[in-house]
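S.K.: Mind having a look at this structure? Questions to follow.
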Amino acid sequence: MEKDILFVSNWKMNLNCDEELDFASSNYDKFIEFAEKNKNTIILCPSFLNLYPLIKIFKETKIKIGAQDCSKHSKGSFTSQICAESLSLLGCKYCIIGHSESIKENKYTTDDILQKFSQLINYKISPIVCIGESIKEYENGTTIDIIIKKLEKFFNIINSNIIIPEYLPVCLAYEPLWAIGTGKTPTQDQLETTFAYIFEKTQKFCPQVKWKLLYGGSVNSKNIKKMKEIKNINGFLIGSASLNFQEFEKIVEL
Ligand code: 13P
């Protein structure tokens, strides 16, 4: 049976607001076509400024729109922040949190990310939680240790005080920091092992959650075919390759 694969297109801040709109509207028919023709889920994550325009453009289509971050607060005097409630009112269905670029830029702690997670669940937005190891941790062979440490914190709050609706997918994106924008990726064996491990832990500790396990970091049309073969991968978080339409199309279709 054909797998339902999530393709999350993280545009980061690579385009200005006009370029983002142009990219979305000039490829509108193609986006719709491949979202319609297979079981895949396509999620576009533009800048905050274009969330609303894109939600309007893709209204009543199968394309979903996601944000690249949200505030850990629900409301109040937090200059520059965007709350989960507003994202939900706009029609945002997904939101990336804990991306290493945003952690580095904003000095977010794990607690911050956990609070963002709770906010998103509260407003029925699917979190896309990024986790991954540094190059040093990878070279020291501690990838699995790093992942379990981070996952445990999510399992704890899920099992203590958060009720996640059955229908709401919770995405875990394994994104090794050293693979982002570098052209390097873990080997096939490493990905098989890491995803088997993440799958086992999610099923053991939070079987009630509708988990979606994603891989991110230098995904492109050359490596996608092999990655799609990995048993426990349910989707991909794609950066630069998602901004070249032909490349993105190949990634989805290959
Ligand atoms: P690249 O696909 O450009 O490596 O970026 C990955 C990423 O950070 C997606 O969130």
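Following the order of the structure tokens, first chain is A, next is B, and so on, with residues numbered from 1 inside each chain and ligands from 1 in the order they appear.
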Which polymer residues have any atom within 9 Å of an atom of segment 68-75 of chain A, counting only C-alpha atoms, with same-chain residues fewer than 2 positions away left out, as JSON, numbers by chain?

M.R.: {"A": [10, 11, 12, 45, 46, 47, 48, 66, 77, 78, 81, 82, 83, 84, 85, 87, 94, 95, 96, 97, 98, 99, 102, 112, 113, 114, 115, 116, 117, 118, 119, 120]}

S.K.: Please check which protein, DNA or RNA residues sit within 6 Å of ligand 1, counting only C-alpha atoms and all ligand atoms, and write them as a list in words.

M.R.: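 For ligand 1, the residues inside 6 Å are Asn10, Ile180, Gly181, Gly216, Gly217, Ser218, Val219, Leu237, Ile238, Gly239, Ser240 and Ala241 of chain A.
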
S.K.: Find the spatial neighbours of segment 150-160 of chain A, counting only C-alpha atoms, within a cut-off of 7 Å - ignore same-chain residues fewer than 2 positions away - and output them as a ChimeraX atom specification.

M.R.: /A:114,146-148,162,205-206

S.K.: Between atom CA of Asn232 of chain A and atom CA of Lys210 of chain A, what is the distance in Å, rounded to a tenth?

M.R.: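 Value for the atom CA of Asn232 of chain A-atom CA of Lys210 of chain A distance: 13.5 Å.
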
S.K.: Determine, counting only C-alpha atoms, which protein, DNA and RNA residues have an atom within 10 Å of an atom of Leu49 of chain A; residues of the same chain fewer than 3 positions away are not included. Present the result as a list in words.

M.R.: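 Final neighbour list, sorted by chain and number: Asn16, Cys17, Glu20, Pro46, Tyr52, Pro53, Leu54 and Ala67 of chain A.
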
S.K.: Could you check which of A:Tyr138, A:Phe248, A:Tyr28, A:Phe236 is closest to Cys171 of chain A, using only C-alpha atoms?

M.R.: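 Of A:Tyr138, A:Phe248, A:Tyr28, A:Phe236, the one nearest Cys171 of chain A, counting only C-alpha atoms, is A:Phe236.
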
S.K.: Considering only C-alpha atoms, state which residue in the set A:Val129, A:Ala24, A:Ile164, A:Leu15 is at the smallest distance from Pro207 of chain A.

M.R.: A:Ile164

S.K.: Atom CA of Gln208 of chain A and atom CA of Pro165 of chain A are how many Å apart?

M.R.: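 Atom CA of Gln208 of chain A sits 9.3 Å away from atom CA of Pro165 of chain A.
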
S.K.: So, with only C-alpha atoms as the atoms that count, which of A:Ala179, A:Ile63, A:Ile144, A:Ile224 lies closest to Lys39 of chain A?

M.R.: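 For Lys39 of chain A, the nearest of the candidates is A:Ile63.
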
S.K.: Rank nothing, just name the residue among A:Phe34, A:Lys62, A:Tyr123, A:Glu175 nearest to Glu101 of chain A, using only C-alpha atoms.

M.R.: A:Glu175
